[in-house]
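Novice: Just one file: data.json, with JSON, C-alpha atoms and all ligand atoms.
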[["chain", "number", "residue", "atom", "x", "y", "z"],
["A", 1, "MET", "CA", 21.62, 1.25, 5.68],
["A", 2, "LYS", "CA", 20.95, 4.97, 5.69],
["A", 3, "ARG", "CA", 17.77, 5.90, 3.86],
["A", 4, "ARG", "CA", 17.10, 9.47, 2.71],
["A", 5, "ALA", "CA", 14.67, 11.09, 5.14],
["A", 6, "LEU", "CA", 11.32, 12.43, 3.91],
["A", 7, "ILE", "CA", 9.37, 15.09, 5.80],
["A", 8, "ALA", "CA", 5.88, 15.49, 4.35],
["A", 9, "GLY", "CA", 3.23, 18.04, 5.27],
["A", 10, "ASN", "CA", -0.40, 17.01, 4.81],
["A", 11, "TRP", "CA", -2.46, 20.17, 4.88],
["A", 12, "LYS", "CA", -5.74, 18.19, 4.86],
["A", 13, "MET", "CA", -8.81, 20.48, 4.33],
["A", 14, "HIS", "CA", -7.08, 23.70, 5.33],
["A", 15, "THR", "CA", -5.72, 26.90, 3.75],
["A", 16, "SER", "CA", -7.00, 29.52, 1.33],
["A", 17, "VAL", "CA", -5.05, 30.43, -1.80],
["A", 18, "ILE", "CA", -3.32, 33.33, -0.05],
["A", 19, "ASP", "CA", -2.53, 31.44, 3.16],
["A", 20, "GLY", "CA", -1.36, 28.35, 1.31],
["A", 21, "CYS", "CA", 0.98, 30.27, -0.98],
["A", 22, "ASP", "CA", 2.38, 32.19, 1.97],
["A", 23, "LEU", "CA", 2.96, 28.95, 3.90],
["A", 24, "ALA", "CA", 4.59, 27.28, 0.88],
["A", 25, "THR", "CA", 6.94, 30.25, 0.43],
["A", 26, "LYS", "CA", 8.06, 29.92, 4.04],
["A", 27, "VAL", "CA", 8.45, 26.13, 3.78],
["A", 28, "ALA", "CA", 10.61, 26.53, 0.66],
["A", 29, "LYS", "CA", 12.84, 28.90, 2.63],
["A", 30, "SER", "CA", 13.11, 26.50, 5.57],
["A", 31, "ALA", "CA", 14.12, 23.71, 3.19],
["A", 32, "VAL", "CA", 17.08, 25.64, 1.79],
["A", 33, "GLY", "CA", 20.23, 23.84, 2.86],
["A", 34, "ALA", "CA", 18.40, 20.72, 4.04],
["A", 35, "ASP", "CA", 20.01, 18.83, 1.17],
["A", 36, "ASP", "CA", 20.26, 15.43, 2.83],
["A", 37, "ARG", "CA", 16.46, 15.02, 3.10],
["A", 38, "ASP", "CA", 13.34, 15.35, 0.99],
["A", 39, "VAL", "CA", 10.55, 17.77, 1.87],
["A", 40, "LEU", "CA", 7.08, 17.37, 0.40],
["A", 41, "LEU", "CA", 3.78, 19.26, 0.64],
["A", 42, "ALA", "CA", 0.29, 17.91, 0.00],
["A", 43, "PRO", "CA", -2.06, 20.93, -0.20],
["A", 44, "PRO", "CA", -5.79, 20.66, -0.92],
["A", 45, "PHE", "CA", -6.65, 20.25, -4.62],
["A", 46, "THR", "CA", -8.14, 23.76, -4.86],
["A", 47, "ILE", "CA", -4.70, 25.33, -4.43],
["A", 48, "ILE", "CA", -2.30, 22.60, -5.51],
["A", 49, "SER", "CA", -1.54, 24.33, -8.80],
["A", 50, "GLU", "CA", -0.84, 27.70, -7.14],
["A", 51, "VAL", "CA", 1.34, 26.06, -4.51],
["A", 52, "GLY", "CA", 3.17, 24.30, -7.35],
["A", 53, "HIS", "CA", 4.00, 27.70, -8.86],
["A", 54, "VAL", "CA", 5.32, 28.93, -5.54],
["A", 55, "LEU", "CA", 7.50, 25.83, -5.12],
["A", 56, "ARG", "CA", 8.94, 25.94, -8.63],
["A", 57, "GLY", "CA", 12.71, 26.34, -8.41],
["A", 58, "SER", "CA", 12.77, 25.09, -4.82],
["A", 59, "SER", "CA", 13.67, 21.60, -3.62],
["A", 60, "VAL", "CA", 10.22, 21.03, -2.10],
["A", 61, "LEU", "CA", 8.16, 18.29, -3.72],
["A", 62, "LEU", "CA", 4.42, 18.47, -4.39],
["A", 63, "ALA", "CA", 1.82, 15.72, -3.96],
["A", 64, "GLY", "CA", -1.93, 15.19, -3.92],
["A", 65, "GLN", "CA", -3.83, 14.07, -0.82],
["A", 66, "ASN", "CA", -5.46, 11.30, -2.86],
["A", 67, "VAL", "CA", -5.60, 10.13, -6.45],
["A", 68, "CYS", "CA", -7.91, 8.10, -8.69],
["A", 69, "TRP", "CA", -6.76, 4.97, -10.54],
["A", 70, "GLU", "CA", -8.06, 6.07, -13.95],
["A", 71, "ALA", "CA", -6.39, 8.60, -16.23],
["A", 72, "GLN", "CA", -9.68, 10.31, -17.15],
["A", 73, "GLY", "CA", -13.41, 9.73, -17.42],
["A", 74, "ALA", "CA", -16.70, 9.91, -15.55],
["A", 75, "PHE", "CA", -15.40, 9.95, -11.96],
["A", 76, "THR", "CA", -17.05, 13.01, -10.42],
["A", 77, "GLY", "CA", -15.07, 14.43, -7.53],
["A", 78, "GLU", "CA", -11.87, 12.58, -8.34],
["A", 79, "ILE", "CA", -8.45, 13.73, -9.56],
["A", 80, "SER", "CA", -6.41, 11.53, -11.92],
["A", 81, "PRO", "CA", -2.70, 10.68, -11.81],
["A", 82, "VAL", "CA", -2.29, 12.40, -15.19],
["A", 83, "MET", "CA", -3.83, 15.60, -13.77],
["A", 84, "LEU", "CA", -1.39, 15.53, -10.87],
["A", 85, "THR", "CA", 1.57, 15.11, -13.18],
["A", 86, "ASP", "CA", 0.19, 17.90, -15.38],
["A", 87, "ILE", "CA", 0.40, 20.47, -12.57],
["A", 88, "GLY", "CA", 3.84, 19.33, -11.42],
["A", 89, "ALA", "CA", 2.95, 17.00, -8.56],
["A", 90, "ILE", "CA", 5.18, 13.94, -8.27],
["A", 91, "GLY", "CA", 3.06, 11.78, -6.02],
["A", 92, "ALA", "CA", 0.04, 11.25, -3.81],
["A", 93, "ILE", "CA", -0.93, 10.21, -0.32],
["A", 94, "ILE", "CA", -3.23, 7.18, -0.50],
["A", 95, "GLY", "CA", -5.27, 5.39, 2.14],
["A", 96, "HIS", "CA", -5.14, 8.06, 4.82],
["A", 97, "SER", "CA", -7.15, 6.96, 7.85],
["A", 98, "GLU", "CA", -9.54, 9.88, 7.28],
["A", 99, "ARG", "CA", -10.28, 8.48, 3.79],
["A", 100, "ARG", "CA", -10.76, 5.02, 5.27],
["A", 101, "GLN", "CA", -12.84, 6.03, 8.29],
["A", 102, "ILE", "CA", -14.85, 9.07, 7.23],
["A", 103, "PHE", "CA", -15.27, 8.29, 3.52],
["A", 104, "GLY", "CA", -15.40, 4.52, 3.72],
["A", 105, "GLU", "CA", -12.47, 3.72, 1.42],
["A", 106, "SER", "CA", -11.82, -0.01, 1.55],
["A", 107, "ASP", "CA", -8.50, -1.84, 1.25],
["A", 108, "GLU", "CA", -9.66, -2.88, -2.20],
["A", 109, "MET", "CA", -10.25, 0.68, -3.38],
["A", 110, "ILE", "CA", -7.01, 1.87, -1.81],
["A", 111, "ASN", "CA", -5.16, -0.88, -3.65],
["A", 112, "LYS", "CA", -6.69, 0.28, -6.96],
["A", 113, "ARG", "CA", -5.47, 3.80, -6.22],
["A", 114, "VAL", "CA", -1.97, 2.55, -5.32],
["A", 115, "VAL", "CA", -1.61, 0.45, -8.47],
["A", 116, "GLY", "CA", -3.11, 3.18, -10.70],
["A", 117, "ALA", "CA", -0.77, 5.83, -9.30],
["A", 118, "LEU", "CA", 2.33, 3.62, -9.60],
["A", 119, "ASP", "CA", 1.35, 2.61, -13.15],
["A", 120, "HIS", "CA", 1.32, 6.33, -13.98],
["A", 121, "ASP", "CA", 4.81, 6.78, -12.49],
["A", 122, "LEU", "CA", 3.70, 8.68, -9.40],
["A", 123, "MET", "CA", 5.29, 8.26, -6.00],
["A", 124, "VAL", "CA", 2.84, 6.77, -3.50],
["A", 125, "ILE", "CA", 2.68, 7.38, 0.23],
["A", 126, "LEU", "CA", 0.49, 4.51, 1.45],
["A", 127, "CYS", "CA", -0.94, 5.16, 4.93],
["A", 128, "ILE", "CA", -1.70, 2.34, 7.33],
["A", 129, "GLY", "CA", -2.41, 2.19, 11.05],
["A", 130, "GLU", "CA", -4.63, 0.81, 13.78],
["A", 131, "THR", "CA", -7.41, 2.46, 15.79],
["A", 132, "LEU", "CA", -7.30, 2.72, 19.57],
["A", 133, "GLU", "CA", -9.80, -0.10, 19.89],
["A", 134, "GLU", "CA", -7.67, -2.34, 17.67],
["A", 135, "ARG", "CA", -4.55, -1.54, 19.71],
["A", 136, "GLU", "CA", -6.35, -2.29, 22.97],
["A", 137, "GLN", "CA", -7.50, -5.61, 21.53],
["A", 138, "GLU", "CA", -3.85, -6.32, 20.65],
["A", 139, "ARG", "CA", -4.71, -6.43, 16.97],
["A", 140, "THR", "CA", -2.16, -3.78, 15.91],
["A", 141, "PHE", "CA", 0.09, -6.17, 13.97],
["A", 142, "ALA", "CA", -2.86, -7.97, 12.37],
["A", 143, "VAL", "CA", -4.33, -4.68, 11.14],
["A", 144, "ILE", "CA", -0.97, -3.48, 9.81],
["A", 145, "LYS", "CA", -0.47, -6.78, 8.00],
["A", 146, "GLN", "CA", -3.92, -6.73, 6.45],
["A", 147, "GLN", "CA", -3.72, -3.09, 5.29],
["A", 148, "LEU", "CA", -0.20, -3.49, 3.93],
["A", 149, "SER", "CA", -0.65, -6.75, 2.06],
["A", 150, "ALA", "CA", -4.04, -5.72, 0.62],
["A", 151, "GLY", "CA", -2.80, -2.23, -0.25],
["A", 152, "LEU", "CA", 0.25, -3.54, -2.10],
["A", 153, "SER", "CA", -1.42, -6.39, -3.98],
["A", 154, "GLY", "CA", -0.19, -6.43, -7.59],
["A", 155, "VAL", "CA", 2.63, -3.93, -6.99],
["A", 156, "THR", "CA", 5.80, -5.01, -8.79],
["A", 157, "ARG", "CA", 9.28, -5.05, -7.30],
["A", 158, "GLU", "CA", 10.36, -2.39, -9.78],
["A", 159, "GLN", "CA", 7.53, -0.09, -8.61],
["A", 160, "THR", "CA", 8.61, -0.29, -4.97],
["A", 161, "SER", "CA", 11.34, 2.31, -5.62],
["A", 162, "ARG", "CA", 8.50, 4.88, -5.82],
["A", 163, "LEU", "CA", 6.66, 3.57, -2.78],
["A", 164, "VAL", "CA", 6.72, 5.04, 0.74],
["A", 165, "ILE", "CA", 4.77, 3.62, 3.68],
["A", 166, "ALA", "CA", 3.37, 5.91, 6.38],
["A", 167, "TYR", "CA", 2.52, 4.36, 9.73],
["A", 168, "GLU", "CA", -0.15, 6.54, 11.30],
["A", 169, "PRO", "CA", -1.80, 5.06, 14.38],
["A", 170, "VAL", "CA", -5.31, 6.52, 14.23],
["A", 171, "TRP", "CA", -5.35, 7.24, 17.97],
["A", 172, "ALA", "CA", -2.33, 9.54, 17.58],
["A", 173, "ILE", "CA", -3.71, 11.68, 14.74],
["A", 174, "GLY", "CA", -4.67, 15.19, 15.77],
["A", 175, "THR", "CA", -4.95, 14.10, 19.39],
["A", 176, "GLY", "CA", -1.63, 15.37, 20.71],
["A", 177, "LYS", "CA", -0.98, 11.75, 21.76],
["A", 178, "THR", "CA", 2.14, 10.60, 19.94],
["A", 179, "ALA", "CA", 3.06, 6.95, 19.85],
["A", 180, "SER", "CA", 6.11, 6.61, 22.09],
["A", 181, "LYS", "CA", 9.33, 6.21, 20.17],
["A", 182, "GLU", "CA", 9.39, 2.57, 21.27],
["A", 183, "GLN", "CA", 5.82, 1.94, 20.04],
["A", 184, "ALA", "CA", 6.56, 3.62, 16.72],
["A", 185, "GLN", "CA", 9.88, 1.79, 16.26],
["A", 186, "GLU", "CA", 8.23, -1.56, 17.02],
["A", 187, "ALA", "CA", 5.53, -0.99, 14.41],
["A", 188, "HIS", "CA", 8.04, 0.28, 11.83],
["A", 189, "ALA", "CA", 10.32, -2.73, 12.32],
["A", 190, "TYR", "CA", 7.31, -4.99, 11.86],
["A", 191, "ILE", "CA", 6.29, -3.16, 8.67],
["A", 192, "ARG", "CA", 9.82, -3.54, 7.33],
["A", 193, "SER", "CA", 9.75, -7.28, 8.03],
["A", 194, "LEU", "CA", 6.43, -7.53, 6.14],
["A", 195, "VAL", "CA", 7.86, -5.63, 3.15],
["A", 196, "SER", "CA", 10.72, -8.12, 3.18],
["A", 197, "GLU", "CA", 8.24, -11.01, 3.10],
["A", 198, "LEU", "CA", 6.08, -9.40, 0.39],
["A", 199, "PHE", "CA", 9.01, -8.48, -1.85],
["A", 200, "GLU", "CA", 12.56, -9.15, -0.69],
["A", 201, "LYS", "CA", 15.08, -8.05, 1.91],
["A", 202, "GLU", "CA", 16.76, -5.50, -0.33],
["A", 203, "VAL", "CA", 13.40, -3.82, -1.05],
["A", 204, "ALA", "CA", 12.67, -3.66, 2.69],
["A", 205, "GLU", "CA", 16.06, -2.12, 3.41],
["A", 206, "GLN", "CA", 15.45, 0.63, 0.88],
["A", 207, "MET", "CA", 11.78, 1.29, 1.76],
["A", 208, "ARG", "CA", 11.14, 4.58, 3.53],
["A", 209, "ILE", "CA", 8.67, 4.24, 6.38],
["A", 210, "LEU", "CA", 7.29, 7.51, 7.77],
["A", 211, "TYR", "CA", 5.67, 8.03, 11.14],
["A", 212, "GLY", "CA", 2.55, 10.19, 11.38],
["A", 213, "GLY", "CA", 0.45, 11.22, 14.39],
["A", 214, "SER", "CA", 1.06, 14.40, 16.40],
["A", 215, "VAL", "CA", 4.62, 14.91, 15.17],
["A", 216, "LYS", "CA", 5.80, 18.22, 16.65],
["A", 217, "PRO", "CA", 9.10, 20.12, 17.03],
["A", 218, "ALA", "CA", 9.32, 18.68, 20.56],
["A", 219, "ASN", "CA", 9.23, 15.01, 19.55],
["A", 220, "VAL", "CA", 10.60, 14.90, 16.00],
["A", 221, "ASP", "CA", 14.25, 14.43, 16.98],
["A", 222, "GLU", "CA", 13.68, 11.36, 19.15],
["A", 223, "LEU", "CA", 11.32, 9.81, 16.59],
["A", 224, "MET", "CA", 13.80, 10.37, 13.75],
["A", 225, "ALA", "CA", 16.57, 8.82, 15.85],
["A", 226, "GLN", "CA", 14.84, 5.42, 15.68],
["A", 227, "PRO", "CA", 16.49, 3.01, 13.26],
["A", 228, "ASP", "CA", 13.34, 2.20, 11.28],
["A", 229, "ILE", "CA", 11.76, 5.68, 11.21],
["A", 230, "ASP", "CA", 12.74, 7.37, 7.96],
["A", 231, "GLY", "CA", 10.57, 10.44, 8.04],
["A", 232, "ALA", "CA", 7.36, 12.07, 9.18],
["A", 233, "LEU", "CA", 3.90, 12.71, 7.77],
["A", 234, "VAL", "CA", 2.80, 15.84, 9.57],
["A", 235, "GLY", "CA", -0.72, 17.25, 9.86],
["A", 236, "GLY", "CA", -1.40, 20.05, 12.37],
["A", 237, "ALA", "CA", 2.20, 21.18, 12.80],
["A", 238, "ALA", "CA", 2.63, 21.43, 9.01],
["A", 239, "LEU", "CA", 0.18, 24.36, 8.99],
["A", 240, "ASP", "CA", 2.53, 26.46, 11.11],
["A", 241, "ALA", "CA", 5.59, 27.61, 9.15],
["A", 242, "GLU", "CA", 7.84, 27.86, 12.18],
["A", 243, "SER", "CA", 6.92, 24.44, 13.57],
["A", 244, "PHE", "CA", 7.20, 22.73, 10.20],
["A", 245, "GLY", "CA", 10.52, 24.48, 9.56],
["A", 246, "ARG", "CA", 11.86, 23.01, 12.78],
["A", 247, "ILE", "CA", 10.52, 19.56, 11.87],
["A", 248, "ILE", "CA", 12.17, 19.74, 8.43],
["A", 249, "ASN", "CA", 15.44, 20.59, 10.15],
["A", 250, "PHE", "CA", 15.24, 17.75, 12.68],
["A", 251, "LYS", "CA", 18.56, 16.80, 14.23],
["A", 301, "LIG", "P1", -1.42, 15.33, 13.03],
["A", 301, "LIG", "O1", 0.05, 15.64, 12.82],
["A", 301, "LIG", "O2", -2.27, 16.55, 13.08],
["A", 301, "LIG", "O3", -1.63, 14.40, 14.17],
["A", 301, "LIG", "O4", -1.90, 14.55, 11.69],
["A", 301, "LIG", "C1", -1.20, 13.46, 11.26],
["A", 301, "LIG", "C2", -1.70, 13.07, 9.93],
["A", 301, "LIG", "O5", -2.81, 12.56, 9.79],
["A", 301, "LIG", "C3", -0.84, 13.32, 8.75],
["A", 301, "LIG", "O6", -1.35, 12.70, 7.61]]
Do you think you could lay out the structure here as structure tokens?
Ligand code: 13P

Specialist:
Amino acid sequence: MKRRALIAGNWKMHTSVIDGCDLATKVAKSAVGADDRDVLLAPPFTIISEVGHVLRGSSVLLAGQNVCWEAQGAFTGEISPVMLTDIGAIGAIIGHSERRQIFGESDEMINKRVVGALDHDLMVILCIGETLEEREQERTFAVIKQQLSAGLSGVTREQTSRLVIAYEPVWAIGTGKTASKEQAQEAHAYIRSLVSELFEKEVAEQMRILYGGSVKPANVDELMAQPDIDGALVGGAALDAESFGRIINFK
């Protein structure tokens, strides 16, 4: 089954208002004509509204880099699903390894975010992936299984149509070390089999699974040629308009 590809740019903690708007303008141009795939940007919260204005009228989708589970209230430092919808964002990245590792977000908290976002009709990109140590200890599959099943606890079958999984091996993020296409395909096929177990086969066949970790113009084509890789979650290369334009237009 052919799933619609999704190329997402995670700008992390980068870009000023001016630089971000300039980059978004260029990304919108690169996405013109790429009608058989979705393109999405996740800018930092300080400029998400401005970037939303720039993207209006284009096909490029807007998402947050995280989201709280509550609609409003005393949650200093957090952004709610309602606030994201209010400024035109359609989804959020949740459970990025930087949130897990640097800011101590647990599977339990990530699950609350996933359920809260889906309950508010957002699209969710749930990130999972093993560290180098875990891979060397041959615990890759165990870690993937734990993060996926805990992250998706309580998610209904109906909500899975708005769910995307991103496999991001931590050792490949920002290191220039991409998982080989075989390593990535193996992990993606495993994730799809788990989705089938957690929900059902039809859900697994429709689920988009993105690869993230040093995706560049030089490796995007071979990654996207793998049967279970349905898109990319791009960090560093998403900050360069030319590189990201090439990634969007993968062959
Ligand atoms: P890099 O593309 O810089 O390795 O980052 C990947 C990532 O973490 C995207 O969320």

Novice: Please determine an axis-aligned box that encloses all atoms of ligand LIG 301 (chain A) listed in the file, with 6 Å added on each side, and express its centre and edge lengths in Å to one decimal as JSON.

Specialist:
{"center_x": -1.4, "center_y": 14.6, "center_z": 10.9, "size_x": 14.9, "size_y": 16.0, "size_z": 18.6}

Novice: If you take only C-alpha atoms and all ligand atoms and a cut-off of 9 Å, which residues of chain A touch ligand LIG 301 (chain A), and what are their nearest atom pairs and distances in Å to one decimal, in chain and number order, as JSON lines?

Specialist:
{"residue": "A:Ala8", "atom": "CA", "partner": "A:LIG301", "partner_atom": "C3", "distance": 8.3}
{"residue": "A:Gly9", "atom": "CA", "partner": "A:LIG301", "partner_atom": "C3", "distance": 7.1}
{"residue": "A:Asn10", "atom": "CA", "partner": "A:LIG301", "partner_atom": "O6", "distance": 5.2}
{"residue": "A:Trp11", "atom": "CA", "partner": "A:LIG301", "partner_atom": "O6", "distance": 8.0}
{"residue": "A:Lys12", "atom": "CA", "partner": "A:LIG301", "partner_atom": "O6", "distance": 7.5}
{"residue": "A:Gln65", "atom": "CA", "partner": "A:LIG301", "partner_atom": "O6", "distance": 8.9}
{"residue": "A:Ile93", "atom": "CA", "partner": "A:LIG301", "partner_atom": "O6", "distance": 8.3}
{"residue": "A:His96", "atom": "CA", "partner": "A:LIG301", "partner_atom": "O6", "distance": 6.6}
{"residue": "A:Ser97", "atom": "CA", "partner": "A:LIG301", "partner_atom": "O5", "distance": 7.3}
{"residue": "A:Glu98", "atom": "CA", "partner": "A:LIG301", "partner_atom": "O5", "distance": 7.7}
{"residue": "A:Cys127", "atom": "CA", "partner": "A:LIG301", "partner_atom": "O6", "distance": 8.0}
{"residue": "A:Ala166", "atom": "CA", "partner": "A:LIG301", "partner_atom": "O6", "distance": 8.4}
{"residue": "A:Glu168", "atom": "CA", "partner": "A:LIG301", "partner_atom": "O5", "distance": 6.8}
{"residue": "A:Pro169", "atom": "CA", "partner": "A:LIG301", "partner_atom": "O5", "distance": 8.9}
{"residue": "A:Val170", "atom": "CA", "partner": "A:LIG301", "partner_atom": "O5", "distance": 7.9}
{"residue": "A:Trp171", "atom": "CA", "partner": "A:LIG301", "partner_atom": "O3", "distance": 8.9}
{"residue": "A:Ala172", "atom": "CA", "partner": "A:LIG301", "partner_atom": "O3", "distance": 6.0}
{"residue": "A:Ile173", "atom": "CA", "partner": "A:LIG301", "partner_atom": "O3", "distance": 3.5}
{"residue": "A:Gly174", "atom": "CA", "partner": "A:LIG301", "partner_atom": "O3", "distance": 3.5}
{"residue": "A:Thr175", "atom": "CA", "partner": "A:LIG301", "partner_atom": "O3", "distance": 6.2}
{"residue": "A:Gly176", "atom": "CA", "partner": "A:LIG301", "partner_atom": "O3", "distance": 6.6}
{"residue": "A:Lys177", "atom": "CA", "partner": "A:LIG301", "partner_atom": "O3", "distance": 8.1}
{"residue": "A:Thr178", "atom": "CA", "partner": "A:LIG301", "partner_atom": "O3", "distance": 7.9}
{"residue": "A:Tyr211", "atom": "CA", "partner": "A:LIG301", "partner_atom": "C3", "distance": 8.7}
{"residue": "A:Gly212", "atom": "CA", "partner": "A:LIG301", "partner_atom": "C1", "distance": 5.0}
{"residue": "A:Gly213", "atom": "CA", "partner": "A:LIG301", "partner_atom": "O3", "distance": 3.8}
{"residue": "A:Ser214", "atom": "CA", "partner": "A:LIG301", "partner_atom": "O3", "distance": 3.5}
{"residue": "A:Val215", "atom": "CA", "partner": "A:LIG301", "partner_atom": "O1", "distance": 5.2}
{"residue": "A:Lys216", "atom": "CA", "partner": "A:LIG301", "partner_atom": "O1", "distance": 7.4}
{"residue": "A:Ala232", "atom": "CA", "partner": "A:LIG301", "partner_atom": "C3", "distance": 8.3}
{"residue": "A:Leu233", "atom": "CA", "partner": "A:LIG301", "partner_atom": "C3", "distance": 4.9}
{"residue": "A:Val234", "atom": "CA", "partner": "A:LIG301", "partner_atom": "O1", "distance": 4.3}
{"residue": "A:Gly235", "atom": "CA", "partner": "A:LIG301", "partner_atom": "O1", "distance": 3.5}
{"residue": "A:Gly236", "atom": "CA", "partner": "A:LIG301", "partner_atom": "O2", "distance": 3.7}
{"residue": "A:Ala237", "atom": "CA", "partner": "A:LIG301", "partner_atom": "O1", "distance": 5.9}
{"residue": "A:Ala238", "atom": "CA", "partner": "A:LIG301", "partner_atom": "O1", "distance": 7.4}

Novice: Looking at A:Leu61, A:Leu148, A:Leu239, A:Leu223, which one is nearest to Leu210 of chain A, with distances taken over all atoms listed in the file?

Specialist: A:Leu223

Novice: Taking all atoms listed in the file into account, which of A:Ser153, A:Asn111, A:Asn66, A:Ser80 comes nearest Ile94 of chain A?

Specialist: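 That would be A:Asn66, the residue with the smallest distance to Ile94 of chain A.
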
Novice: Given all atoms listed in the file as the basis, pick out the residue of A:Gly77, A:Pro44, A:Gly116, A:Gly52 nearest to Ile90 of chain A.

Specialist: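 Going through A:Gly77, A:Pro44, A:Gly116, A:Gly52 one by one, the smallest distance to Ile90 of chain A is for A:Gly52.
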
Novice: If I take atom CA of Met123 of chain A and atom CA of Ile247 of chain A, how far is one from the other in Å, to one decimal?

Specialist: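 Computing it gives 21.8 Å between the two atoms.
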
Novice: Tell me which protein, DNA and RNA residues are within 10 Å of Val32 of chain A, counting all atoms listed in the file, leaving out same-chain ones fewer than 3 positions away, and put them as number ranges by chain.

Specialist: A: 27-29, 35, 58-60, 249

Novice: Generate the output file for the selected residues, C-alpha atoms, as an mmCIF file, keeping the file's coordinate frame.

Specialist:
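Below is the file that was written, result34.cif:
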data_model
loop_
_atom_site.group_PDB
_atom_site.id
_atom_site.type_symbol
_atom_site.label_atom_id
_atom_site.label_comp_id
_atom_site.auth_asym_id
_atom_site.auth_seq_id
_atom_site.Cartn_x
_atom_site.Cartn_y
_atom_site.Cartn_z
ATOM 1 C CA VAL A 27 8.450 26.130 3.780
ATOM 2 C CA ALA A 28 10.610 26.530 0.660
ATOM 3 C CA LYS A 29 12.840 28.900 2.630
ATOM 4 C CA ASP A 35 20.010 18.830 1.170
ATOM 5 C CA SER A 58 12.770 25.090 -4.820
ATOM 6 C CA SER A 59 13.670 21.600 -3.620
ATOM 7 C CA VAL A 60 10.220 21.030 -2.100
ATOM 8 C CA ASN A 249 15.440 20.590 10.150
#

Novice: Work out how far apart atom CA of Leu198 of chain A and atom CA of Leu132 of chain A are and give it in Å to one decimal.

Specialist: 26.3 Å

Novice: Measuring between only C-alpha atoms, which one of A:Ala34, A:Ser180, A:Ala187, A:Thr76 shows the shortest distance to Lys251 of chain A?

Specialist: A:Ala34

Novice: Ranking A:Gly64, A:Val54, A:Asp119, A:Tyr167 by minimum distance to Asp22 of chain A and counting only C-alpha atoms, which one comes first?

Specialist: A:Val54

Novice: Which is closer to Asp230 of chain A than all the others in A:Val155, A:Met109, A:Leu122, A:Ala184, using all atoms listed in the file?

Specialist: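 Nearest candidate to Asp230 of chain A out of A:Val155, A:Met109, A:Leu122, A:Ala184: A:Ala184.
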
Novice: Work out how far apart atom CA of Ala189 of chain A and atom CA of Glu158 of chain A are and give it in Å to one decimal.

Specialist: 22.1 Å
